[in-house]
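Undergrad: Got final_25.cif for you, mmCIF, C-alpha atoms and all ligand atoms:
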```
data_target
loop_
_atom_site.label_atom_id
_atom_site.label_comp_id
_atom_site.auth_asym_id
_atom_site.auth_seq_id
_atom_site.Cartn_x
_atom_site.Cartn_y
_atom_site.Cartn_z
CA MET A 119 134.41 110.06 205.13
CA LYS A 120 131.61 112.15 203.63
CA PRO A 121 128.08 110.71 203.15
CA PHE A 122 127.39 109.20 199.73
CA GLU A 123 125.44 111.51 197.45
CA ARG A 124 123.43 108.68 195.98
CA ILE A 125 122.81 104.98 196.50
CA THR A 126 121.72 103.00 193.49
CA ILE A 127 120.67 99.38 192.99
CA SER A 128 120.68 97.45 189.75
CA SER A 129 117.20 95.95 190.29
CA PRO A 130 114.54 95.75 193.03
CA GLU A 131 115.67 92.16 193.80
CA ILE A 132 118.89 93.56 195.25
CA MET A 133 116.95 94.28 198.43
CA ASN A 134 116.38 90.51 198.84
CA TYR A 135 120.04 90.07 199.80
CA PRO A 136 120.94 90.41 203.51
CA ALA A 137 124.11 92.30 202.58
CA SER A 138 122.04 95.15 201.11
CA TRP A 139 120.20 95.66 204.40
CA ARG A 140 123.37 95.36 206.43
CA ILE A 141 125.01 98.05 204.30
CA LEU A 142 122.08 100.43 204.60
CA LYS A 143 121.94 99.98 208.37
CA ASN A 144 125.67 100.58 208.72
CA LEU A 145 125.47 103.66 206.48
CA ALA A 146 122.81 104.96 208.85
CA LYS A 147 124.95 104.07 211.88
CA TYR A 148 127.91 106.04 210.53
CA GLN A 149 125.71 108.85 209.15
CA LEU A 150 126.80 108.19 205.59
CA LEU A 151 123.37 107.93 203.96
CA PRO A 152 122.52 110.59 201.38
CA PRO A 153 120.66 113.59 202.81
CA GLY A 154 116.93 112.98 203.27
CA PHE A 155 117.27 109.22 203.49
CA GLU A 156 115.55 107.89 206.62
CA ASP A 157 117.07 105.27 208.84
CA PRO A 158 116.34 102.02 206.93
CA GLU A 159 115.37 100.34 210.21
CA ILE A 160 112.17 102.33 210.32
CA VAL A 161 111.00 101.89 206.75
CA ASP A 162 109.94 98.75 204.94
CA ALA A 163 111.54 97.21 201.89
CA THR A 164 109.20 98.90 199.44
CA GLN A 165 109.89 102.31 200.87
CA VAL A 166 113.61 101.71 200.82
CA SER A 167 113.45 100.48 197.24
CA ASN A 168 111.44 103.53 196.23
CA LYS A 169 114.09 105.78 197.68
CA LEU A 170 116.88 104.09 195.78
CA ALA A 171 117.50 104.93 192.18
CA PHE A 172 117.49 101.90 189.90
CA GLU A 173 120.39 102.33 187.63
CA ALA A 174 122.33 100.17 185.27
CA PRO A 175 126.09 100.70 185.31
CA ARG A 176 127.04 103.57 183.06
CA VAL A 177 130.30 104.26 181.35
CA ALA A 178 131.77 107.74 181.58
CA ALA A 179 134.40 109.22 179.32
CA PRO A 180 137.80 109.62 181.04
CA ALA A 181 137.49 113.41 180.70
CA ASN A 182 134.44 113.24 182.96
CA ASN A 183 136.60 111.81 185.71
CA PRO A 184 134.55 108.68 186.41
CA VAL A 185 136.66 107.62 189.39
CA ALA A 186 136.08 110.85 191.29
CA LEU A 187 132.37 110.84 190.45
CA GLY A 188 132.20 107.22 191.53
CA LYS A 189 133.49 107.95 195.01
CA ARG A 190 130.20 109.68 195.74
CA ILE A 191 127.77 107.03 194.44
CA LEU A 192 127.35 103.59 196.01
CA HIS A 193 125.93 101.01 193.64
CA LEU A 194 124.66 97.65 194.96
CA THR A 195 124.43 94.85 192.46
CA THR A 196 125.16 91.17 191.89
CA GLN A 197 127.68 89.43 189.72
CA PRO A 198 126.99 86.01 188.28
CA GLY A 199 130.58 85.15 187.37
CA THR A 200 133.88 84.42 189.07
CA PHE A 201 134.97 86.58 191.95
CA ILE A 202 138.41 85.10 192.42
CA LYS A 203 141.42 85.43 190.22
CA GLN A 204 145.09 84.86 190.58
CA CYS A 205 147.08 88.08 190.97
CA PRO A 206 148.12 88.92 187.41
CA GLY A 207 151.48 90.30 188.49
CA THR A 208 153.10 92.05 185.61
CA THR A 209 154.96 90.82 182.54
CA ASN A 210 158.63 89.89 183.07
CA MET A 211 158.53 91.00 186.68
CA LEU A 212 158.51 88.74 189.71
CA CYS A 213 155.36 88.79 191.69
CA CYS A 214 154.32 87.50 195.11
CA GLN A 215 151.35 85.65 193.51
CA TYR A 216 148.20 85.36 195.46
CA HIS A 217 144.48 85.03 194.87
CA ILE A 218 142.35 88.11 194.78
CA VAL A 219 138.69 88.33 195.72
CA ASN A 220 136.98 91.32 194.14
CA MET A 221 133.65 92.22 195.74
CA VAL A 222 134.02 95.98 195.59
CA SER A 223 135.41 98.32 192.97
CA ASN A 224 136.44 101.92 193.54
CA CYS A 225 137.67 103.44 196.75
CA PRO A 226 136.69 106.40 198.91
CA PHE A 227 140.35 107.42 199.23
CA ASP A 228 142.04 109.39 196.47
CA CYS A 229 145.77 108.78 196.14
CA THR A 230 147.44 110.84 193.43
CA TYR A 231 149.08 107.74 191.91
CA CYS A 232 146.02 105.44 192.15
CA TYR A 233 145.86 103.16 189.13
CA LEU A 234 142.08 102.99 189.34
CA GLN A 235 142.09 106.38 187.60
CA THR A 236 143.08 104.63 184.39
CA TYR A 237 141.22 101.41 185.05
CA LEU A 238 137.67 102.15 186.18
CA ASN A 239 135.26 103.74 183.76
CA GLN A 240 132.02 103.40 185.73
CA PRO A 241 131.19 106.47 187.79
CA MET A 242 130.21 104.54 190.92
CA THR A 243 131.54 102.50 193.80
CA THR A 244 130.17 99.03 193.19
CA PHE A 245 129.57 96.41 195.87
CA TYR A 246 128.41 92.90 194.98
CA VAL A 247 125.80 91.77 197.45
CA ASN A 248 125.63 88.08 196.45
CA GLU A 249 128.13 87.20 199.16
CA ASP A 250 127.07 83.54 199.40
CA ASP A 251 128.30 83.02 195.85
CA ILE A 252 131.62 84.64 196.78
CA PHE A 253 131.95 82.49 199.89
CA ALA A 254 131.14 79.31 197.94
CA GLN A 255 133.92 80.13 195.47
CA VAL A 256 136.43 80.89 198.23
CA SER A 257 135.47 77.66 200.08
CA LYS A 258 136.12 75.67 196.96
CA LEU A 259 139.54 77.26 196.64
CA CYS A 260 140.34 76.60 200.31
CA GLU A 261 139.32 72.97 199.98
CA ARG A 262 142.35 72.14 197.84
CA PRO A 263 144.78 69.73 199.59
CA PRO A 264 146.29 71.85 202.41
CA VAL A 265 149.89 71.34 201.34
CA ALA A 266 151.06 74.79 200.44
CA GLN A 267 150.05 78.09 201.93
CA LEU A 268 147.08 79.67 200.17
CA ARG A 269 147.14 83.46 200.23
CA VAL A 270 143.92 85.34 199.54
CA GLY A 271 143.65 89.12 199.39
CA THR A 272 140.89 91.62 198.75
CA GLY A 273 142.61 94.92 198.02
CA GLU A 274 142.92 95.06 194.24
CA LEU A 275 140.10 97.31 193.03
CA SER A 276 139.66 99.12 196.32
CA ASP A 277 141.22 99.47 199.75
CA SER A 278 140.35 96.30 201.73
CA LEU A 279 139.11 98.10 204.84
CA ALA A 280 138.05 101.58 203.71
CA LEU A 281 134.39 100.55 203.38
CA ASP A 282 134.58 97.44 205.52
CA PRO A 283 132.83 98.81 208.65
CA ILE A 284 129.88 99.45 206.29
CA THR A 285 129.94 96.24 204.27
CA GLY A 286 131.02 93.91 207.11
CA PHE A 287 132.57 91.73 204.42
CA SER A 288 136.03 90.94 205.82
CA VAL A 289 134.81 89.58 209.15
CA ARG A 290 132.47 87.20 207.36
CA LEU A 291 135.16 86.14 204.87
CA ALA A 292 137.78 85.63 207.61
CA ASP A 293 135.31 83.68 209.71
CA MET A 294 134.43 81.42 206.79
CA MET A 295 138.15 80.81 205.97
CA SER A 296 139.08 80.06 209.59
CA LYS A 297 138.15 76.38 209.37
CA TYR A 298 140.70 75.62 206.66
CA GLU A 299 144.37 74.80 207.18
CA ASN A 300 147.19 76.75 205.60
CA VAL A 301 145.12 79.63 204.39
CA ARG A 302 145.79 83.30 204.95
CA LEU A 303 143.57 86.28 204.33
CA GLU A 304 145.42 89.52 203.69
CA LEU A 305 143.55 92.79 204.08
CA LYS A 306 145.52 95.64 202.53
CA THR A 307 144.70 99.11 203.66
CA LYS A 308 145.60 102.75 204.15
CA SER A 309 142.83 103.13 206.70
CA LYS A 310 142.55 102.91 210.47
CA ASN A 311 139.35 100.84 210.26
CA VAL A 312 140.26 97.79 212.29
CA GLU A 313 138.16 97.75 215.45
CA HIS A 314 135.33 95.79 213.84
CA LEU A 315 137.83 92.97 213.16
CA LEU A 316 138.14 92.40 216.91
CA GLU A 317 134.89 90.45 216.84
CA LEU A 318 136.82 87.62 215.12
CA LYS A 319 137.63 84.81 217.53
CA LYS A 320 140.22 83.07 215.34
CA ARG A 321 142.76 85.60 214.16
CA ASP A 322 146.09 84.07 213.33
CA HIS A 323 145.11 83.39 209.69
CA VAL A 324 144.35 87.09 209.13
CA VAL A 325 147.12 89.49 208.12
CA VAL A 326 146.25 93.18 208.06
CA GLY A 327 148.72 94.85 205.73
CA TRP A 328 149.32 98.60 205.71
CA SER A 329 150.63 100.46 202.76
CA MET A 330 153.17 102.81 204.39
CA ASN A 331 154.97 105.92 203.31
CA PRO A 332 156.66 108.70 205.25
CA ARG A 333 154.32 111.31 206.76
CA GLU A 334 155.31 113.91 204.17
CA ILE A 335 154.25 111.69 201.28
CA ILE A 336 151.05 110.49 202.93
CA ASN A 337 150.06 114.09 203.64
CA ALA A 338 150.85 115.29 200.12
CA GLU A 339 149.71 112.39 197.94
CA GLU A 340 147.44 109.94 199.79
CA HIS A 341 144.29 112.03 200.10
CA GLY A 342 141.58 110.99 202.52
CA THR A 343 143.59 108.11 203.96
CA ALA A 344 144.55 107.55 207.61
CA ARG A 345 147.65 109.55 208.57
CA PHE A 346 150.95 107.84 209.40
CA GLU A 347 150.38 107.79 213.17
CA GLU A 348 146.81 106.50 212.75
CA ARG A 349 148.01 103.60 210.61
CA LEU A 350 150.76 102.88 213.11
CA LYS A 351 148.34 102.91 216.05
CA ALA A 352 145.95 100.58 214.22
CA ALA A 353 148.81 98.21 213.32
CA ALA A 354 150.11 98.12 216.90
CA LEU A 355 146.59 97.33 218.11
CA MET A 356 146.13 94.50 215.63
CA ALA A 357 149.52 93.01 216.49
CA SER A 358 148.76 93.17 220.21
CA GLU A 359 145.41 91.45 219.59
CA GLY A 360 146.96 88.43 217.89
CA PHE A 361 146.48 89.34 214.23
CA GLY A 362 149.32 89.05 211.76
CA VAL A 363 150.38 92.41 210.37
CA ALA A 364 152.32 93.35 207.25
CA PHE A 365 153.68 96.54 205.76
CA HIS A 366 154.11 97.60 202.19
CA PHE A 367 156.53 100.45 201.53
CA ASP A 368 154.94 100.71 198.16
CA PRO A 369 155.03 102.89 196.18
CA MET A 370 158.34 104.31 197.41
CA ILE A 371 158.67 107.85 196.10
CA TYR A 372 161.97 109.37 195.02
CA THR A 373 162.02 112.91 196.35
CA ASP A 374 164.42 115.32 198.06
CA GLY A 375 165.47 113.85 201.39
CA TRP A 376 163.98 110.43 200.67
CA GLN A 377 166.66 108.62 202.68
CA GLU A 378 165.94 110.55 205.90
CA MET A 379 162.18 110.26 205.43
CA TYR A 380 162.14 106.51 204.80
CA GLU A 381 164.65 105.82 207.54
CA ALA A 382 162.53 107.78 210.04
CA ALA A 383 159.30 106.06 208.95
CA ALA A 384 160.73 102.52 209.10
CA THR A 385 162.44 103.21 212.42
CA GLU A 386 159.26 104.52 214.02
CA LEU A 387 157.21 101.68 212.62
CA LEU A 388 159.53 98.95 213.80
CA ALA A 389 159.88 100.52 217.26
CA ASN A 390 156.12 100.39 217.81
CA VAL A 391 154.89 97.09 216.40
CA ASP A 392 155.69 93.66 217.87
CA HIS A 393 158.12 92.08 215.38
CA LYS A 394 156.78 88.60 216.12
CA GLN A 395 153.48 89.57 214.54
CA ILE A 396 155.01 91.09 211.38
CA ARG A 397 154.54 88.49 208.65
CA TRP A 398 156.33 90.39 205.91
CA VAL A 399 157.38 93.81 204.65
CA SER A 400 157.30 94.48 200.93
CA ILE A 401 159.10 97.22 199.05
CA GLY A 402 158.16 98.58 195.63
CA GLY A 403 158.74 101.75 193.62
CA LEU A 404 156.29 104.12 191.97
CA ARG A 405 155.07 102.55 188.74
CA TYR A 406 152.18 103.40 186.50
CA GLN A 407 150.70 103.01 183.07
CA PRO A 408 151.75 105.97 180.85
CA GLN A 409 148.14 107.13 180.55
CA LEU A 410 147.97 107.79 184.31
CA LYS A 411 150.27 110.81 184.26
CA PRO A 412 148.03 113.24 182.30
CA ILE A 413 144.95 112.19 184.28
CA ALA A 414 146.68 112.55 187.65
CA LEU A 415 148.28 115.88 186.68
CA LYS A 416 144.93 117.25 185.57
CA ARG A 417 143.35 116.24 188.88
CA ARG A 418 146.35 117.22 191.07
CA PRO A 419 148.42 119.85 189.23
CA GLU A 420 150.38 120.56 192.42
CA THR A 421 151.87 117.05 192.65
CA THR A 422 155.61 116.57 192.25
CA LEU A 423 155.30 112.81 191.71
CA PHE A 424 156.02 112.81 188.02
CA MET A 425 159.09 115.04 187.89
CA ASP A 426 161.83 112.43 188.11
CA GLU A 427 163.47 110.55 185.30
CA THR A 428 161.59 107.38 184.42
CA ALA A 429 161.62 104.72 181.75
CA PRO A 430 159.01 102.28 180.46
CA GLY A 431 159.58 98.69 181.57
CA THR A 432 159.04 95.53 179.54
CA ASP A 433 155.56 95.33 181.07
CA GLY A 434 154.67 98.79 179.67
CA LYS A 435 154.65 100.45 183.10
CA VAL A 436 156.76 103.51 183.74
CA ARG A 437 159.27 103.22 186.60
CA TYR A 438 162.24 105.08 188.03
CA LEU A 439 165.50 104.05 186.39
CA ARG A 440 166.80 100.66 187.47
CA SER A 441 169.87 102.10 189.23
CA GLN A 442 167.67 104.46 191.22
CA ARG A 443 165.21 101.71 192.21
CA THR A 444 168.02 99.45 193.26
CA GLU A 445 169.52 102.19 195.41
CA MET A 446 166.17 102.92 197.08
CA PHE A 447 165.27 99.29 197.75
CA GLN A 448 168.76 98.41 198.98
CA PHE A 449 168.71 101.37 201.37
CA LEU A 450 165.30 100.64 202.86
CA ASN A 451 165.92 96.92 203.10
CA ARG A 452 169.12 97.60 205.05
CA ILE A 453 167.30 99.95 207.44
CA ILE A 454 164.59 97.35 208.06
CA LYS A 455 167.02 94.47 208.52
CA GLU A 456 169.19 96.46 210.95
CA ARG A 457 166.16 97.14 213.15
CA ALA A 458 164.25 93.88 212.67
CA PRO A 459 166.59 91.14 211.43
CA THR A 460 163.93 88.41 211.60
CA VAL A 461 161.34 90.21 209.51
CA TYR A 462 160.92 88.83 205.99
CA THR A 463 161.27 91.40 203.22
CA TYR A 464 160.55 91.11 199.52
CA LEU A 465 160.21 93.24 196.43
CA CYS A 466 156.91 93.69 194.64
CA MET A 467 156.81 93.45 190.85
CA GLU A 468 160.53 93.69 190.29
CA SER A 469 162.95 91.92 188.00
CA MET A 470 165.55 89.30 189.01
CA PRO A 471 168.50 91.68 188.54
CA VAL A 472 166.94 94.24 190.88
CA TRP A 473 166.19 91.54 193.48
CA GLU A 474 169.72 90.31 193.31
CA LYS A 475 171.30 93.74 193.64
CA ALA A 476 168.91 95.28 196.15
CA LEU A 477 168.24 92.32 198.43
CA GLY A 478 171.28 90.20 197.65
CA ARG A 479 169.14 87.18 196.89
CA MET A 480 166.58 85.77 194.53
CA PRO A 481 162.92 85.22 195.50
CA ASP A 482 163.10 82.27 197.83
CA ARG A 483 159.73 81.30 199.18
CA GLY A 484 155.99 81.64 199.09
CA PHE A 485 154.24 83.29 201.99
S1 LIG B 501 143.95 103.45 198.81
FE1 LIG B 501 144.54 102.26 197.01
S2 LIG B 501 142.64 101.99 195.84
FE2 LIG B 501 142.29 103.64 197.31
S3 LIG B 501 142.76 105.54 196.19
FE3 LIG B 501 144.65 104.91 197.27
S4 LIG B 501 145.78 103.66 195.76
FE4 LIG B 501 143.65 103.83 195.04
#
```
Output the file's structure in the form of structure tokens.
TA:
Amino acid sequence: MKPFERITISSPEIMNYPASWRILKNLAKYQLLPPGFEDPEIVDATQVSNKLAFEAPRVAAPANNPVALGKRILHLTTQPGTFIKQCPGTTNMLCCQYHIVNMVSNCPFDCTYCYLQTYLNQPMTTFYVNEDDIFAQVSKLCERPPVAQLRVGTGELSDSLALDPITGFSVRLADMMSKYENVRLELKTKSKNVEHLLELKKRDHVVVGWSMNPREIINAEEHGTARFEERLKAAALMASEGFGVAFHFDPMIYTDGWQEMYEAAATELLANVDHKQIRWVSIGGLRYQPQLKPIALKRRPETTLFMDETAPGTDGKVRYLRSQRTEMFQFLNRIIKERAPTVYTYLCMESMPVWEKALGRMPDRGF
């Protein structure tokens, strides 16, 4: 990861939050502070504040590529409202339904198909430093009667672990959630940033989930992310250290030789990670809002992602044709089940008919 070009705060009071200092110290530790910024350990609060630009969130026109600009600017601020929401899923599609905690928006990685390109209009990576408010809201959620499994995730508006060694957020969240029964924290990532999680003593309620694709697709379309073998190594480490792990073959990409590529990727994955620690594997196809295509093509004219036949779904998102999706999901599910019969598989944001044809069953349980 490259150093941030700028760090901004929304007001001087931001430096009263411990998270702000922790972030600055970690940026110094990983040499990610903007050039000319001294180690915050050796300057006082006033000096640090003077070096930070005070800036209110701005809105940039889509043509100015706010997502790309935002990958270079870290903005620390607070949010007074609700940090948790139920996963919205998508209209008329079945969804795995869990609660999402959003404390960061934007991502240092740059996948060609990333939906943030159509969603974020602020040219900055925002982190909310009022963590105690977030933790109070999550505690309240966890305090419901512990009858059914509560699933909480953090990877909606960013990658869960891409900035985590800097923010230290997931360890604190997992630690706070560890005292509750029947709760699970899922950290979804395309990174290899897991070693800091080893400081957690209680681990079995944490599931680190990797978004996986064959090497060829990662190398061509998932820019800045950990490579296939780095993700695999990190997953094997987490599984061996008692964490739950999960894999998301999502988005599956239809391309020449897709069968061989996905078979090789799933085979290698399942040969290297302890099946007992795999909590689930999800499968989903490339899908996107129609407005993504021109933005992504402008930024990555070399991509071949948008060449196949697609159709808009009832939720407005563009997908491969149903017959093609069914074929892909059926194929990969069979490969996974042949190599790991006990591993639970499911489809993400797909309709009942596709579930039935591809997996031979309807959605049958929570997680
Ligand atoms: S890792 Fe996720 S959030 Fe980050 S750029 Fe890729 S798709 Fe977007």
Undergrad: Residues near stretch 424-439 of chain A, anyone? I mean within 12 Å using only C-alpha atoms, not counting same-chain ones fewer than 4 positions away, as an MDAnalysis selection string.
TA: chainID A and resid 206:212 230:231 233 339 369:374 402:415 418:420 443:447 467:469 472
Undergrad: Determine the nearest neighbour of ligand LIG 501 (chain B) from the options A:Pro121, A:Gly375, A:Gly188, A:Gly286, counting only C-alpha atoms and all ligand atoms.
TA: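 Closest residue, counting only C-alpha atoms and all ligand atoms: A:Gly188.
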Undergrad: Select, from A:Ile284, A:Ile218, A:Val461, A:Cys229, the residue with the minimum atom-to-atom distance to ligand LIG 501 (chain B), counting all atoms listed in the file.
TA: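 Smallest distance to ligand LIG 501 (chain B) is found for A:Cys229.
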Undergrad: Using only C-alpha atoms and all ligand atoms, find each residue with an atom at most 7 Å away from ligand LIG 501 (chain B) and format the answer as a PyMOL selection string.
TA: chain A and resi 224-229+231-234+275-277+307-308+340+343
Undergrad: Measuring between all atoms listed in the file, which one of A:Ala344, A:Leu477, A:Val256, A:Val219 shows the shortest distance to A:Ile401?
TA: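 The closest residue to A:Ile401 is A:Leu477.
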Undergrad: Kindly indicate which residue among A:Lys258, A:Ser288, A:His217, A:Tyr298 lies nearest to A:Val270, using only C-alpha atoms for the distances.
TA: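 That would be A:His217, the residue with the smallest distance to A:Val270.
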Undergrad: List as a PyMOL selection string the residues having at least one atom at most 10 Å from position (141.8, 76.4, 200.9) as given in the file, counting all atoms listed in the file.
TA: chain A and resi 256-270+295-302
Undergrad: Any idea what the distance is between atom CA of A:Trp473 and atom CA of A:Glu274?
TA: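 Calculated distance between atom CA of A:Trp473 and atom CA of A:Glu274 is 23.5 Å.
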Undergrad: So which one's closest to A:Asn331, A:Val289, A:Ile202, A:Ala384, A:Leu150? Using all atoms listed in the file, please.
TA: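 The closest residue to A:Asn331 is A:Ala384.
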Undergrad: Under the rule that all atoms listed in the file are counted, which of A:Gln395, A:Thr243, A:Thr195, A:Asn337 is the nearest residue to A:Glu359?
TA: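 Of the candidates, the smallest distance to A:Glu359 is held by A:Gln395.
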Undergrad: For atom CA of A:Leu350 and atom CA of A:Glu456, quote the distance in Å rounded to one decimal.
TA: 19.6 Å
Undergrad: Take stretch 396-405 of chain A, bring it up to all heavy atoms, and give me the output as a short mmCIF file (atom, residue, chain, number, x, y, z; two decimals), in the coordinates of the input.
TA:
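Output below, filename out.cif:
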```
data_model
loop_
_atom_site.label_atom_id
_atom_site.label_comp_id
_atom_site.auth_asym_id
_atom_site.auth_seq_id
_atom_site.Cartn_x
_atom_site.Cartn_y
_atom_site.Cartn_z
N ILE A 396 154.83 90.57 212.75
CA ILE A 396 155.01 91.09 211.38
C ILE A 396 155.30 89.92 210.44
O ILE A 396 156.33 89.27 210.56
CB ILE A 396 156.14 92.14 211.32
CG1 ILE A 396 155.86 93.30 212.28
CG2 ILE A 396 156.30 92.66 209.88
CD1 ILE A 396 156.96 94.36 212.32
N ARG A 397 154.38 89.65 209.55
CA ARG A 397 154.54 88.49 208.65
C ARG A 397 155.46 88.81 207.48
O ARG A 397 156.15 87.96 206.99
CB ARG A 397 153.17 88.04 208.14
CG ARG A 397 152.19 87.65 209.24
CD ARG A 397 152.62 86.33 209.93
NE ARG A 397 151.69 85.98 210.98
CZ ARG A 397 151.93 86.14 212.29
NH1 ARG A 397 153.08 86.62 212.70
NH2 ARG A 397 151.01 85.81 213.17
N TRP A 398 155.43 90.01 206.99
CA TRP A 398 156.33 90.39 205.91
C TRP A 398 156.30 91.90 205.71
O TRP A 398 155.36 92.58 206.14
CB TRP A 398 155.97 89.69 204.58
CG TRP A 398 154.57 89.90 204.11
CD1 TRP A 398 154.07 90.98 203.45
CD2 TRP A 398 153.48 88.98 204.25
NE1 TRP A 398 152.74 90.80 203.18
CE2 TRP A 398 152.34 89.58 203.66
CE3 TRP A 398 153.33 87.70 204.80
CZ2 TRP A 398 151.09 88.96 203.62
CZ3 TRP A 398 152.09 87.09 204.76
CH2 TRP A 398 150.99 87.72 204.17
N VAL A 399 157.34 92.41 205.07
CA VAL A 399 157.38 93.81 204.65
C VAL A 399 157.76 93.80 203.18
O VAL A 399 158.77 93.20 202.79
CB VAL A 399 158.44 94.62 205.44
CG1 VAL A 399 158.50 96.06 204.93
CG2 VAL A 399 158.13 94.62 206.94
N SER A 400 156.95 94.42 202.36
CA SER A 400 157.30 94.48 200.93
C SER A 400 157.77 95.89 200.57
O SER A 400 157.44 96.86 201.25
CB SER A 400 156.11 94.07 200.06
OG SER A 400 155.18 95.13 199.95
N ILE A 401 158.56 95.94 199.53
CA ILE A 401 159.10 97.22 199.05
C ILE A 401 158.86 97.29 197.54
O ILE A 401 159.10 96.30 196.83
CB ILE A 401 160.62 97.30 199.34
CG1 ILE A 401 160.91 97.09 200.83
CG2 ILE A 401 161.17 98.66 198.88
CD1 ILE A 401 162.41 96.99 201.15
N GLY A 402 158.37 98.42 197.08
CA GLY A 402 158.16 98.58 195.63
C GLY A 402 158.27 100.06 195.28
O GLY A 402 158.08 100.92 196.14
N GLY A 403 158.59 100.35 194.04
CA GLY A 403 158.74 101.75 193.62
C GLY A 403 157.51 102.23 192.87
O GLY A 403 156.69 101.43 192.40
N LEU A 404 157.39 103.54 192.75
CA LEU A 404 156.29 104.12 191.97
C LEU A 404 156.32 103.55 190.55
O LEU A 404 157.36 103.51 189.91
CB LEU A 404 156.44 105.65 191.92
CG LEU A 404 155.37 106.39 191.13
CD1 LEU A 404 154.01 106.31 191.82
CD2 LEU A 404 155.77 107.86 190.92
N ARG A 405 155.20 103.07 190.10
CA ARG A 405 155.07 102.55 188.74
C ARG A 405 153.65 102.81 188.26
O ARG A 405 152.72 102.77 189.06
CB ARG A 405 155.40 101.05 188.71
CG ARG A 405 154.58 100.24 189.68
CD ARG A 405 155.15 98.86 189.94
NE ARG A 405 154.36 98.13 190.92
CZ ARG A 405 154.49 98.26 192.24
NH1 ARG A 405 155.37 99.11 192.75
NH2 ARG A 405 153.73 97.56 193.07
#
```
